[in-house]
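**Q** Structure supplied as query_3.txt; contents: compact mmCIF, C-alpha atoms.
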# COMPACT_ATOMS: atom_id res chain seq x y z
CA MET A 1 -3.31 -24.81 -5.78
CA ARG A 2 -1.23 -21.76 -6.61
CA LEU A 3 -4.33 -19.59 -6.67
CA VAL A 4 -5.62 -21.01 -3.38
CA TYR A 5 -2.34 -20.16 -1.64
CA THR A 6 -2.34 -16.72 -3.21
CA PHE A 7 -5.93 -16.08 -2.12
CA LEU A 8 -5.01 -17.08 1.46
CA ILE A 9 -1.98 -14.77 1.42
CA GLY A 10 -4.27 -11.94 0.32
CA LEU A 11 -6.60 -12.87 3.16
CA VAL A 12 -3.79 -12.68 5.73
CA PHE A 13 -2.89 -9.25 4.33
CA GLY A 14 -6.53 -8.13 4.39
CA VAL A 15 -7.05 -9.24 7.99
CA GLY A 16 -3.75 -7.60 8.99
CA ILE A 17 -4.74 -4.30 7.38
CA SER A 18 -8.20 -4.52 8.97
CA ILE A 19 -7.08 -5.02 12.56
CA SER A 20 -4.04 -2.74 12.29
CA GLY A 21 -6.11 0.38 11.58
CA MET A 22 -4.63 1.05 8.13
CA ALA A 23 -8.10 0.73 6.59
CA ASN A 24 -9.35 3.56 8.81
CA PRO A 25 -8.58 7.05 7.41
CA ALA A 26 -9.36 8.73 10.74
CA LYS A 27 -6.64 6.67 12.41
CA VAL A 28 -4.17 7.11 9.55
CA LEU A 29 -4.61 10.89 9.47
CA ASN A 30 -4.34 11.11 13.26
CA PHE A 31 -0.96 9.41 13.09
CA PHE A 32 0.32 12.36 11.08
CA ASP A 33 -1.42 14.94 13.26
CA VAL A 34 1.17 15.20 16.03
CA PHE A 35 -0.02 18.70 16.94
CA GLY A 36 -3.68 17.69 17.08
CA THR A 37 -5.51 14.42 17.74
CA TRP A 38 -2.33 12.34 17.59
CA ASP A 39 -2.62 8.54 17.54
CA PRO A 40 0.79 6.84 17.32
CA SER A 41 -0.68 3.39 16.47
CA LEU A 42 0.58 3.33 12.87
CA ALA A 43 4.19 3.33 14.05
CA PHE A 44 3.39 -0.07 15.57
CA VAL A 45 1.89 -1.30 12.28
CA MET A 46 5.03 -0.29 10.42
CA GLY A 47 7.24 -1.76 13.18
CA GLY A 48 5.44 -5.10 13.29
CA ALA A 49 5.39 -5.42 9.50
CA LEU A 50 9.05 -4.45 9.10
CA ILE A 51 10.38 -6.82 11.78
CA VAL A 52 8.52 -9.82 10.36
CA THR A 53 9.34 -8.97 6.73
CA ALA A 54 13.02 -8.22 7.36
CA ILE A 55 13.56 -11.55 9.16
CA GLY A 56 11.30 -13.56 6.82
CA TYR A 57 12.83 -12.14 3.63
CA ARG A 58 16.30 -13.02 4.91
CA LEU A 59 15.25 -16.68 5.26
CA VAL A 60 13.24 -16.83 2.02
CA LEU A 61 15.66 -15.01 -0.27
CA ASN A 62 18.44 -17.42 0.74
CA ARG A 63 16.64 -20.11 -1.21
CA ARG A 64 17.32 -20.65 -4.88
CA ALA A 65 13.76 -19.96 -6.04
CA PRO A 66 10.26 -19.51 -4.65
CA MET A 67 8.01 -22.58 -4.26
CA MET A 68 5.86 -21.91 -7.30
CA ASP A 69 7.92 -19.82 -9.67
CA MET A 70 11.26 -20.07 -11.44
CA ARG A 71 12.78 -17.01 -9.78
CA PHE A 72 12.30 -14.14 -7.35
CA HIS A 73 10.89 -11.04 -9.04
CA LEU A 74 12.78 -8.35 -7.16
CA PRO A 75 13.13 -4.71 -8.23
CA THR A 76 16.55 -4.28 -9.82
CA ARG A 77 16.83 -0.51 -10.07
CA ARG A 78 19.17 1.24 -7.66
CA ASP A 79 19.20 4.83 -8.90
CA ILE A 80 17.46 7.61 -6.99
CA ASP A 81 15.77 9.53 -9.82
CA LEU A 82 13.37 12.44 -10.04
CA PRO A 83 10.18 10.39 -10.74
CA LEU A 84 10.86 8.34 -7.58
CA VAL A 85 11.17 11.39 -5.36
CA LEU A 86 8.49 13.54 -7.01
CA GLY A 87 6.07 10.64 -7.36
CA SER A 88 6.49 9.71 -3.71
CA ALA A 89 6.04 13.35 -2.67
CA VAL A 90 2.82 13.52 -4.71
CA PHE A 91 1.61 10.24 -3.23
CA GLY A 92 2.08 11.69 0.26
CA ILE A 93 -0.01 14.74 -0.63
CA GLY A 94 -2.86 12.50 -1.82
CA TRP A 95 -2.54 10.26 1.24
CA GLY A 96 -2.69 13.30 3.50
CA ILE A 97 -5.83 14.54 1.74
CA ALA A 98 -7.76 11.26 1.58
CA GLY A 99 -6.36 9.20 4.46
CA PHE A 100 -6.39 6.02 2.37
CA CYS A 101 -3.31 4.46 0.77
CA PRO A 102 -3.71 1.69 -1.85
CA GLY A 103 -2.83 -1.11 0.60
CA GLY A 104 -5.35 0.21 3.10
CA ALA A 105 -8.14 0.86 0.61
CA LEU A 106 -8.14 -2.45 -1.28
CA PRO A 107 -9.01 -4.61 1.76
CA ALA A 108 -11.38 -1.88 2.99
CA LEU A 109 -13.46 -2.39 -0.18
CA GLY A 110 -14.69 -5.51 1.60
CA THR A 111 -16.59 -3.40 4.13
CA GLY A 112 -18.82 -2.22 1.29
CA ARG A 113 -18.47 1.42 2.34
CA SER A 114 -19.13 3.86 -0.51
CA GLU A 115 -16.23 6.13 0.52
CA VAL A 116 -13.75 3.34 -0.18
CA PHE A 117 -15.22 2.76 -3.65
CA ILE A 118 -15.01 6.47 -4.47
CA PHE A 119 -11.37 6.61 -3.39
CA THR A 120 -10.45 3.40 -5.23
CA ALA A 121 -12.18 4.45 -8.45
CA ALA A 122 -10.24 7.73 -8.39
CA LEU A 123 -7.06 5.78 -7.59
CA VAL A 124 -7.54 3.58 -10.66
CA VAL A 125 -8.16 6.64 -12.87
CA GLY A 126 -5.00 8.24 -11.46
CA ILE A 127 -2.92 5.13 -12.18
CA PHE A 128 -4.23 5.00 -15.77
CA ALA A 129 -3.62 8.70 -16.33
CA ALA A 130 -0.08 8.38 -15.00
CA ARG A 131 0.60 5.33 -17.20
CA VAL A 132 -0.47 7.25 -20.29
CA ALA A 133 1.72 10.18 -19.25
CA GLN A 134 4.64 7.81 -18.59
CA ALA A 135 4.27 6.22 -22.02
CA ALA A 136 4.18 9.65 -23.67
CA LEU A 137 7.31 10.72 -21.78
CA THR A 138 9.20 7.56 -22.76
CA LEU A 139 8.16 7.96 -26.38
CA ARG A 140 9.41 11.53 -26.44
CA LYS A 141 12.70 10.45 -24.85
CA THR A 142 13.29 7.66 -27.38
CA GLN A 143 12.41 9.97 -30.26
CA ALA A 144 14.82 12.58 -28.95
CA SER A 145 17.65 10.07 -28.70
CA ALA A 146 16.90 8.49 -32.09
CA MET B 1 -11.55 15.64 13.22
CA ILE B 2 -12.29 12.34 14.91
CA GLU B 3 -10.32 11.19 17.94
CA THR B 4 -9.12 7.60 17.66
CA VAL B 5 -8.00 5.27 20.43
CA PHE B 6 -4.31 4.30 20.62
CA THR B 7 -4.17 0.56 19.83
CA PRO B 8 -0.52 -0.54 20.15
CA PHE B 9 -1.20 -4.29 20.44
CA GLN B 10 -3.78 -4.58 17.66
CA SER B 11 -1.67 -2.42 15.40
CA LEU B 12 1.48 -4.42 16.13
CA GLY B 13 -0.40 -7.69 15.53
CA GLY B 14 -2.00 -6.39 12.35
CA GLY B 15 1.41 -5.16 11.18
CA ALA B 16 2.92 -8.58 11.88
CA LEU B 17 0.21 -10.18 9.71
CA ILE B 18 0.96 -7.71 6.91
CA GLY B 19 4.61 -8.76 7.21
CA LEU B 20 3.67 -12.44 7.26
CA ALA B 21 1.69 -11.99 4.03
CA ALA B 22 4.67 -10.24 2.43
CA VAL B 23 7.02 -13.09 3.44
CA LEU B 24 4.61 -15.79 2.24
CA LEU B 25 4.07 -14.10 -1.14
CA MET B 26 7.83 -13.95 -1.64
CA ALA B 27 8.22 -17.58 -0.53
CA VAL B 28 5.47 -18.92 -2.76
CA LEU B 29 5.44 -16.72 -5.89
CA GLY B 30 8.61 -14.68 -5.47
CA ARG B 31 6.62 -11.46 -5.68
CA VAL B 32 6.72 -8.19 -3.76
CA MET B 33 3.62 -7.49 -1.67
CA GLY B 34 3.01 -4.02 -3.07
CA ALA B 35 -0.62 -2.96 -3.40
CA THR B 36 0.24 -0.50 -6.19
CA GLY B 37 2.13 -3.03 -8.31
CA ILE B 38 -0.44 -5.78 -7.79
CA LEU B 39 -3.32 -3.46 -8.75
CA ALA B 40 -1.53 -1.92 -11.74
CA GLY B 41 -0.70 -5.38 -13.13
CA PHE B 42 -4.26 -6.50 -12.54
CA MET B 43 -5.60 -3.54 -14.54
CA GLN B 44 -3.19 -4.06 -17.44
CA PRO B 45 -2.74 -7.82 -17.67
CA THR B 46 0.04 -9.40 -19.70
CA THR B 47 -0.55 -13.16 -19.44
CA LEU B 48 -3.35 -15.18 -17.88
CA SER B 49 -1.08 -16.72 -15.22
CA ASP B 50 0.19 -13.26 -14.28
CA TRP B 51 -3.32 -11.86 -14.10
CA SER B 52 -4.81 -14.81 -12.16
CA TRP B 53 -2.54 -14.57 -9.09
CA ARG B 54 -3.26 -10.85 -8.89
CA ALA B 55 -7.00 -11.53 -9.06
CA ALA B 56 -6.69 -14.21 -6.36
CA ILE B 57 -4.70 -12.03 -3.97
CA LEU B 58 -7.05 -9.05 -4.45
CA LEU B 59 -10.00 -11.32 -3.76
CA GLY B 60 -8.28 -12.51 -0.59
CA MET B 61 -7.63 -8.93 0.54
CA VAL B 62 -11.25 -7.89 0.03
CA THR B 63 -12.35 -10.90 2.11
CA GLY B 64 -10.30 -9.60 5.07
CA PRO B 65 -12.98 -7.40 6.68
CA ALA B 66 -15.63 -10.15 6.46
CA THR B 67 -13.20 -12.54 8.17
CA VAL B 68 -12.72 -10.02 10.97
CA LEU B 69 -16.52 -9.70 11.17
CA LEU B 70 -16.79 -13.48 11.50
CA PHE B 71 -14.40 -13.62 14.45
CA THR B 72 -15.19 -10.40 16.31
CA GLY B 73 -18.82 -9.75 15.36
CA GLN B 74 -18.06 -6.41 13.75
CA PHE B 75 -16.46 -4.94 10.65
CA PRO B 76 -13.17 -3.09 11.17
CA ALA B 77 -13.77 0.62 11.75
CA VAL B 78 -13.69 2.82 8.65
CA GLN B 79 -14.14 6.43 9.76
CA VAL B 80 -13.78 8.94 6.95
CA PRO B 81 -13.37 12.55 8.12
CA VAL B 82 -12.96 13.61 4.47
CA SER B 83 -15.55 15.02 2.03
CA THR B 84 -16.44 13.11 -1.13
CA PRO B 85 -14.76 15.56 -3.54
CA MET B 86 -11.58 15.48 -1.44
CA LEU B 87 -11.65 11.67 -1.40
CA ALA B 88 -11.82 11.62 -5.19
CA ILE B 89 -9.11 14.26 -5.58
CA GLY B 90 -6.92 12.49 -3.03
CA GLY B 91 -7.44 9.13 -4.75
CA PHE B 92 -6.45 10.53 -8.14
CA ILE B 93 -3.34 12.19 -6.70
CA VAL B 94 -2.36 8.95 -4.93
CA GLY B 95 -2.75 7.03 -8.21
CA VAL B 96 -0.49 9.43 -10.09
CA GLY B 97 2.08 9.55 -7.27
CA VAL B 98 2.43 5.82 -6.69
CA THR B 99 2.76 5.15 -10.43
CA PHE B 100 5.66 7.58 -10.90
CA GLY B 101 7.11 6.73 -7.49
CA GLY B 102 6.93 3.00 -8.24
CA GLY B 103 5.19 1.98 -5.04
CA CYS B 104 3.31 2.92 -1.90
CA THR B 105 3.27 2.13 1.80
CA SER B 106 3.27 -1.64 1.31
CA GLY B 107 5.73 -1.91 -1.60
CA HIS B 108 8.27 0.74 -0.60
CA GLY B 109 7.37 1.16 3.08
CA VAL B 110 7.34 -2.50 4.07
CA CYS B 111 8.87 -4.76 1.39
CA GLY B 112 11.51 -2.32 0.10
CA MET B 113 12.51 -1.02 3.52
CA ALA B 114 12.82 -4.61 4.80
CA ARG B 115 15.37 -5.26 2.03
CA LEU B 116 17.10 -1.97 2.91
CA SER B 117 16.53 -0.78 -0.66
CA GLN B 118 17.83 2.76 -0.96
CA ARG B 119 15.12 3.70 -3.44
CA SER B 120 12.48 2.56 -0.96
CA LEU B 121 14.12 4.37 1.96
CA VAL B 122 14.09 7.60 -0.05
CA ALA B 123 10.52 7.03 -1.27
CA THR B 124 9.19 6.22 2.21
CA GLY B 125 10.97 9.16 3.85
CA THR B 126 9.61 11.44 1.14
CA PHE B 127 5.95 10.39 1.30
CA MET B 128 5.87 10.25 5.11
CA LEU B 129 7.14 13.82 5.14
CA THR B 130 4.72 15.17 2.51
CA THR B 131 1.79 13.37 4.14
CA ALA B 132 2.62 14.97 7.49
CA ILE B 133 2.97 18.40 5.86
CA THR B 134 -0.34 17.96 4.01
CA VAL B 135 -2.21 16.95 7.17
CA PHE B 136 -0.66 19.87 9.05
CA VAL B 137 -1.64 22.36 6.33
CA ILE B 138 -5.21 21.04 6.04
CA ARG B 139 -5.86 20.80 9.77
CA HIS B 140 -3.86 23.60 11.33
CA ILE B 141 -3.40 26.23 8.62
CA PHE B 142 -6.77 25.98 6.89
CA GLY B 143 -8.26 24.76 10.18
CA ASN B 144 -10.23 21.96 8.47
Would you put the structure from the file into structure tokens?
**A**
Amino acid sequence: MRLVYTFLIGLVFGVGISISGMANPAKVLNFFDVFGTWDPSLAFVMGGALIVTAIGYRLVLNRRAPMMDMRFHLPTRRDIDLPLVLGSAVFGIGWGIAGFCPGGALPALGTGRSEVFIFTAALVVGIFAARVAQAALTLRKTQASA
Amino acid sequence: MIETVFTPFQSLGGGALIGLAAVLLMAVLGRVMGATGILAGFMQPTTLSDWSWRAAILLGMVTGPATVLLFTGQFPAVQVPVSTPMLAIGGFIVGVGVTFGGGCTSGHGVCGMARLSQRSLVATGTFMLTTAITVFVIRHIFGN
């Protein structure tokens, strides 16, 4: 049952991404091209998603636990560190080049378009490369402090 | 460059569905609806129960376009004004960035911002800015 619910939640997300325009790089890039072929649609995607999530989270997170887990798995870190800022800056550069973000590309795989597969394959390689680099950095840090 | 039509209602509706999915995932599994985190955990599984919900939600996401096809008679538009090498380079850079930054548009931009997380506010402000700068440089300085 848990997996059926989760599949349906993914489906709602995938349909939302599909009709919002987030799966369409031309539309995404045009949102950022204020001095060119500007298309402000994505502000409405962000607005719609934020309003629903902000209200819904308020109701849900008041409960003691989620329906099918012992606890809420929320990020606990509060510090603004260099990896957060630099990583996000780098993400933006990639997003500006390709026009796909991970949340837009994953549902778009379902269209079967080769461009989405190329982007996603490169995305996966990038995530792996960064994980290896992260592990190496942590190892060096622990060795330095030991 | 491809001109696209301004779609405020579809985009607002699609955004609301994205939000609904985020709320439901928190209500049912207590998890953040972040594409980066879900994908990363899927690629490097820890336990079967942790891997299986990620597989199920990814499967659901991929079924989205076919569902739209079923109801409207056509797949959602995917127009890619980007060359293949640039798609691959962009994809790799996105992968590195979201891993160090701990999230992307869905995790930081929607879920984190909705909780007023300071880390997510900083992350979202940062990537929105660098995306805009990148698009400006590519389109108006190098002239595409």
**Q** With the cut-off set at 6 Å and counting only C-alpha atoms, tabulate each residue of chain B with an atom at most that distance from an atom of chain A, showing the nearest atom pair and its distance in Å to one decimal, ordered by chain and increasing number, as JSON lines.
**A**
{"residue": "B:Glu3", "atom": "CA", "partner": "A:Thr37", "partner_atom": "CA", "distance": 5.8}
{"residue": "B:Thr4", "atom": "CA", "partner": "A:Lys27", "partner_atom": "CA", "distance": 5.9}
{"residue": "B:Phe6", "atom": "CA", "partner": "A:Asp39", "partner_atom": "CA", "distance": 5.5}
{"residue": "B:Thr7", "atom": "CA", "partner": "A:Ser41", "partner_atom": "CA", "distance": 5.6}
{"residue": "B:Pro8", "atom": "CA", "partner": "A:Ser41", "partner_atom": "CA", "distance": 5.4}
{"residue": "B:Gln10", "atom": "CA", "partner": "A:Ser20", "partner_atom": "CA", "distance": 5.7}
{"residue": "B:Ser11", "atom": "CA", "partner": "A:Ser20", "partner_atom": "CA", "distance": 3.9}
{"residue": "B:Leu12", "atom": "CA", "partner": "A:Phe44", "partner_atom": "CA", "distance": 4.8}
{"residue": "B:Gly14", "atom": "CA", "partner": "A:Gly16", "partner_atom": "CA", "distance": 4.0}
{"residue": "B:Gly15", "atom": "CA", "partner": "A:Val45", "partner_atom": "CA", "distance": 4.0}
{"residue": "B:Ala16", "atom": "CA", "partner": "A:Gly48", "partner_atom": "CA", "distance": 4.5}
{"residue": "B:Leu17", "atom": "CA", "partner": "A:Gly16", "partner_atom": "CA", "distance": 4.8}
{"residue": "B:Ile18", "atom": "CA", "partner": "A:Phe13", "partner_atom": "CA", "distance": 4.9}
{"residue": "B:Gly19", "atom": "CA", "partner": "A:Ala49", "partner_atom": "CA", "distance": 4.1}
{"residue": "B:Ala21", "atom": "CA", "partner": "A:Ile9", "partner_atom": "CA", "distance": 5.3}
{"residue": "B:Val23", "atom": "CA", "partner": "A:Gly56", "partner_atom": "CA", "distance": 5.5}
{"residue": "B:Ala27", "atom": "CA", "partner": "A:Pro66", "partner_atom": "CA", "distance": 5.0}
{"residue": "B:Val28", "atom": "CA", "partner": "A:Met67", "partner_atom": "CA", "distance": 4.7}
{"residue": "B:Leu29", "atom": "CA", "partner": "A:Met68", "partner_atom": "CA", "distance": 5.4}
{"residue": "B:Gly30", "atom": "CA", "partner": "A:Phe72", "partner_atom": "CA", "distance": 4.2}
{"residue": "B:Arg31", "atom": "CA", "partner": "A:His73", "partner_atom": "CA", "distance": 5.4}
{"residue": "B:Ala35", "atom": "CA", "partner": "A:Gly103", "partner_atom": "CA", "distance": 4.9}
{"residue": "B:Trp53", "atom": "CA", "partner": "A:Leu3", "partner_atom": "CA", "distance": 5.9}
{"residue": "B:Ala56", "atom": "CA", "partner": "A:Phe7", "partner_atom": "CA", "distance": 4.7}
{"residue": "B:Ile57", "atom": "CA", "partner": "A:Gly10", "partner_atom": "CA", "distance": 4.3}
{"residue": "B:Gly60", "atom": "CA", "partner": "A:Leu11", "partner_atom": "CA", "distance": 4.1}
{"residue": "B:Met61", "atom": "CA", "partner": "A:Gly14", "partner_atom": "CA", "distance": 4.1}
{"residue": "B:Val62", "atom": "CA", "partner": "A:Pro107", "partner_atom": "CA", "distance": 4.3}
{"residue": "B:Thr63", "atom": "CA", "partner": "A:Gly110", "partner_atom": "CA", "distance": 5.9}
{"residue": "B:Gly64", "atom": "CA", "partner": "A:Gly14", "partner_atom": "CA", "distance": 4.1}
{"residue": "B:Pro65", "atom": "CA", "partner": "A:Gly110", "partner_atom": "CA", "distance": 5.7}
{"residue": "B:Pro76", "atom": "CA", "partner": "A:Ser18", "partner_atom": "CA", "distance": 5.6}
{"residue": "B:Val78", "atom": "CA", "partner": "A:Asn24", "partner_atom": "CA", "distance": 4.4}
{"residue": "B:Gln79", "atom": "CA", "partner": "A:Ala26", "partner_atom": "CA", "distance": 5.4}
{"residue": "B:Val80", "atom": "CA", "partner": "A:Pro25", "partner_atom": "CA", "distance": 5.6}
{"residue": "B:Leu87", "atom": "CA", "partner": "A:Ala98", "partner_atom": "CA", "distance": 4.9}
{"residue": "B:Ala88", "atom": "CA", "partner": "A:Ala122", "partner_atom": "CA", "distance": 5.3}
{"residue": "B:Gly90", "atom": "CA", "partner": "A:Gly94", "partner_atom": "CA", "distance": 4.2}
{"residue": "B:Gly91", "atom": "CA", "partner": "A:Leu123", "partner_atom": "CA", "distance": 4.4}
{"residue": "B:Phe92", "atom": "CA", "partner": "A:Gly126", "partner_atom": "CA", "distance": 4.3}
{"residue": "B:Ile93", "atom": "CA", "partner": "A:Gly94", "partner_atom": "CA", "distance": 4.9}
{"residue": "B:Val94", "atom": "CA", "partner": "A:Phe91", "partner_atom": "CA", "distance": 4.5}
{"residue": "B:Gly95", "atom": "CA", "partner": "A:Gly126", "partner_atom": "CA", "distance": 4.1}
{"residue": "B:Val96", "atom": "CA", "partner": "A:Gly126", "partner_atom": "CA", "distance": 4.9}
{"residue": "B:Gly97", "atom": "CA", "partner": "A:Phe91", "partner_atom": "CA", "distance": 4.1}
{"residue": "B:Val98", "atom": "CA", "partner": "A:Phe91", "partner_atom": "CA", "distance": 5.7}
{"residue": "B:Thr99", "atom": "CA", "partner": "A:Ile127", "partner_atom": "CA", "distance": 5.9}
{"residue": "B:Phe100", "atom": "CA", "partner": "A:Gly87", "partner_atom": "CA", "distance": 4.7}
{"residue": "B:Gly101", "atom": "CA", "partner": "A:Gly87", "partner_atom": "CA", "distance": 4.0}
{"residue": "B:Val110", "atom": "CA", "partner": "A:Leu50", "partner_atom": "CA", "distance": 5.7}
{"residue": "B:Ala114", "atom": "CA", "partner": "A:Ala54", "partner_atom": "CA", "distance": 4.4}
{"residue": "B:Arg119", "atom": "CA", "partner": "A:Ile80", "partner_atom": "CA", "distance": 5.8}
{"residue": "B:Ala123", "atom": "CA", "partner": "A:Ser88", "partner_atom": "CA", "distance": 5.4}
{"residue": "B:Thr126", "atom": "CA", "partner": "A:Ala89", "partner_atom": "CA", "distance": 5.6}
{"residue": "B:Phe127", "atom": "CA", "partner": "A:Gly92", "partner_atom": "CA", "distance": 4.2}
{"residue": "B:Thr130", "atom": "CA", "partner": "A:Gly92", "partner_atom": "CA", "distance": 4.9}
{"residue": "B:Thr131", "atom": "CA", "partner": "A:Gly92", "partner_atom": "CA", "distance": 4.2}
{"residue": "B:Ala132", "atom": "CA", "partner": "A:Phe32", "partner_atom": "CA", "distance": 5.0}
{"residue": "B:Thr134", "atom": "CA", "partner": "A:Gly96", "partner_atom": "CA", "distance": 5.2}
{"residue": "B:Val135", "atom": "CA", "partner": "A:Gly96", "partner_atom": "CA", "distance": 5.2}
**Q** How many Å lie between atom CA of Ser106 of chain B and atom CA of Gly34 of chain B, rounded to one decimal?
**A**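 These two atoms are separated by 5.0 Å.
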**Q** Please measure the separation of atom CA of Ser52 of chain B and atom CA of Leu39 of chain B, giving the value in Å to one decimal.
**A**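 Straight-line distance from atom CA of Ser52 of chain B to atom CA of Leu39 of chain B works out to 11.9 Å.
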**Q** Would you work out the distance separating atom CA of Arg115 of chain B from atom CA of Val32 of chain B, expressed in Å to one decimal?
**A** 10.8 Å
**Q** Regenerate segment 74-81 of chain B at the level of all heavy atoms and dump it as a PDB file, keeping the file's coordinate frame.
**A**
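Everything below was put into out02.pdb:
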ATOM      1  N   GLN B  74     -17.882  -7.700  14.417  1.00  0.00           N
ATOM      2  CA  GLN B  74     -18.060  -6.410  13.750  1.00  0.00           C
ATOM      3  C   GLN B  74     -16.995  -6.151  12.683  1.00  0.00           C
ATOM      4  O   GLN B  74     -15.873  -6.652  12.778  1.00  0.00           O
ATOM      5  CB  GLN B  74     -18.077  -5.265  14.764  1.00  0.00           C
ATOM      6  CG  GLN B  74     -16.902  -5.281  15.711  1.00  0.00           C
ATOM      7  CD  GLN B  74     -17.108  -4.315  16.863  1.00  0.00           C
ATOM      8  OE1 GLN B  74     -18.076  -3.568  16.916  1.00  0.00           O
ATOM      9  NE2 GLN B  74     -16.181  -4.316  17.805  1.00  0.00           N
ATOM     10  N   PHE B  75     -17.394  -5.341  11.686  1.00  0.00           N
ATOM     11  CA  PHE B  75     -16.460  -4.940  10.650  1.00  0.00           C
ATOM     12  C   PHE B  75     -15.377  -4.058  11.257  1.00  0.00           C
ATOM     13  O   PHE B  75     -15.638  -3.363  12.243  1.00  0.00           O
ATOM     14  CB  PHE B  75     -17.190  -4.138   9.559  1.00  0.00           C
ATOM     15  CG  PHE B  75     -17.704  -4.960   8.415  1.00  0.00           C
ATOM     16  CD1 PHE B  75     -19.008  -4.814   7.965  1.00  0.00           C
ATOM     17  CD2 PHE B  75     -16.865  -5.860   7.755  1.00  0.00           C
ATOM     18  CE1 PHE B  75     -19.488  -5.560   6.894  1.00  0.00           C
ATOM     19  CE2 PHE B  75     -17.330  -6.602   6.686  1.00  0.00           C
ATOM     20  CZ  PHE B  75     -18.637  -6.460   6.256  1.00  0.00           C
ATOM     21  N   PRO B  76     -14.170  -4.056  10.698  1.00  0.00           N
ATOM     22  CA  PRO B  76     -13.170  -3.090  11.170  1.00  0.00           C
ATOM     23  C   PRO B  76     -13.671  -1.666  10.948  1.00  0.00           C
ATOM     24  O   PRO B  76     -14.397  -1.409   9.992  1.00  0.00           O
ATOM     25  CB  PRO B  76     -11.949  -3.391  10.288  1.00  0.00           C
ATOM     26  CG  PRO B  76     -12.472  -4.159   9.119  1.00  0.00           C
ATOM     27  CD  PRO B  76     -13.662  -4.897   9.617  1.00  0.00           C
ATOM     28  N   ALA B  77     -13.303  -0.760  11.842  1.00  0.00           N
ATOM     29  CA  ALA B  77     -13.770   0.620  11.750  1.00  0.00           C
ATOM     30  C   ALA B  77     -13.228   1.304  10.499  1.00  0.00           C
ATOM     31  O   ALA B  77     -12.047   1.184  10.184  1.00  0.00           O
ATOM     32  CB  ALA B  77     -13.337   1.398  12.987  1.00  0.00           C
ATOM     33  N   VAL B  78     -14.101   1.957   9.760  1.00  0.00           N
ATOM     34  CA  VAL B  78     -13.690   2.820   8.650  1.00  0.00           C
ATOM     35  C   VAL B  78     -14.354   4.168   8.894  1.00  0.00           C
ATOM     36  O   VAL B  78     -15.531   4.345   8.616  1.00  0.00           O
ATOM     37  CB  VAL B  78     -14.121   2.244   7.278  1.00  0.00           C
ATOM     38  CG1 VAL B  78     -13.693   3.171   6.149  1.00  0.00           C
ATOM     39  CG2 VAL B  78     -13.540   0.853   7.063  1.00  0.00           C
ATOM     40  N   GLN B  79     -13.601   5.095   9.490  1.00  0.00           N
ATOM     41  CA  GLN B  79     -14.140   6.430   9.760  1.00  0.00           C
ATOM     42  C   GLN B  79     -13.485   7.397   8.781  1.00  0.00           C
ATOM     43  O   GLN B  79     -12.260   7.456   8.695  1.00  0.00           O
ATOM     44  CB  GLN B  79     -13.802   6.848  11.199  1.00  0.00           C
ATOM     45  CG  GLN B  79     -14.370   5.904  12.252  1.00  0.00           C
ATOM     46  CD  GLN B  79     -13.586   6.000  13.548  1.00  0.00           C
ATOM     47  OE1 GLN B  79     -12.467   5.528  13.654  1.00  0.00           O
ATOM     48  NE2 GLN B  79     -14.186   6.647  14.545  1.00  0.00           N
ATOM     49  N   VAL B  80     -14.312   8.102   8.020  1.00  0.00           N
ATOM     50  CA  VAL B  80     -13.780   8.940   6.950  1.00  0.00           C
ATOM     51  C   VAL B  80     -14.076  10.418   7.214  1.00  0.00           C
ATOM     52  O   VAL B  80     -15.145  10.903   6.863  1.00  0.00           O
ATOM     53  CB  VAL B  80     -14.351   8.518   5.585  1.00  0.00           C
ATOM     54  CG1 VAL B  80     -13.640   9.233   4.450  1.00  0.00           C
ATOM     55  CG2 VAL B  80     -14.239   7.010   5.398  1.00  0.00           C
ATOM     56  N   PRO B  81     -13.128  11.130   7.830  1.00  0.00           N
ATOM     57  CA  PRO B  81     -13.370  12.550   8.120  1.00  0.00           C
ATOM     58  C   PRO B  81     -13.016  13.425   6.913  1.00  0.00           C
ATOM     59  O   PRO B  81     -12.432  14.491   7.049  1.00  0.00           O
ATOM     60  CB  PRO B  81     -12.416  12.816   9.296  1.00  0.00           C
ATOM     61  CG  PRO B  81     -11.292  11.863   9.087  1.00  0.00           C
ATOM     62  CD  PRO B  81     -11.819  10.691   8.315  1.00  0.00           C
TER      63      PRO B  81
END
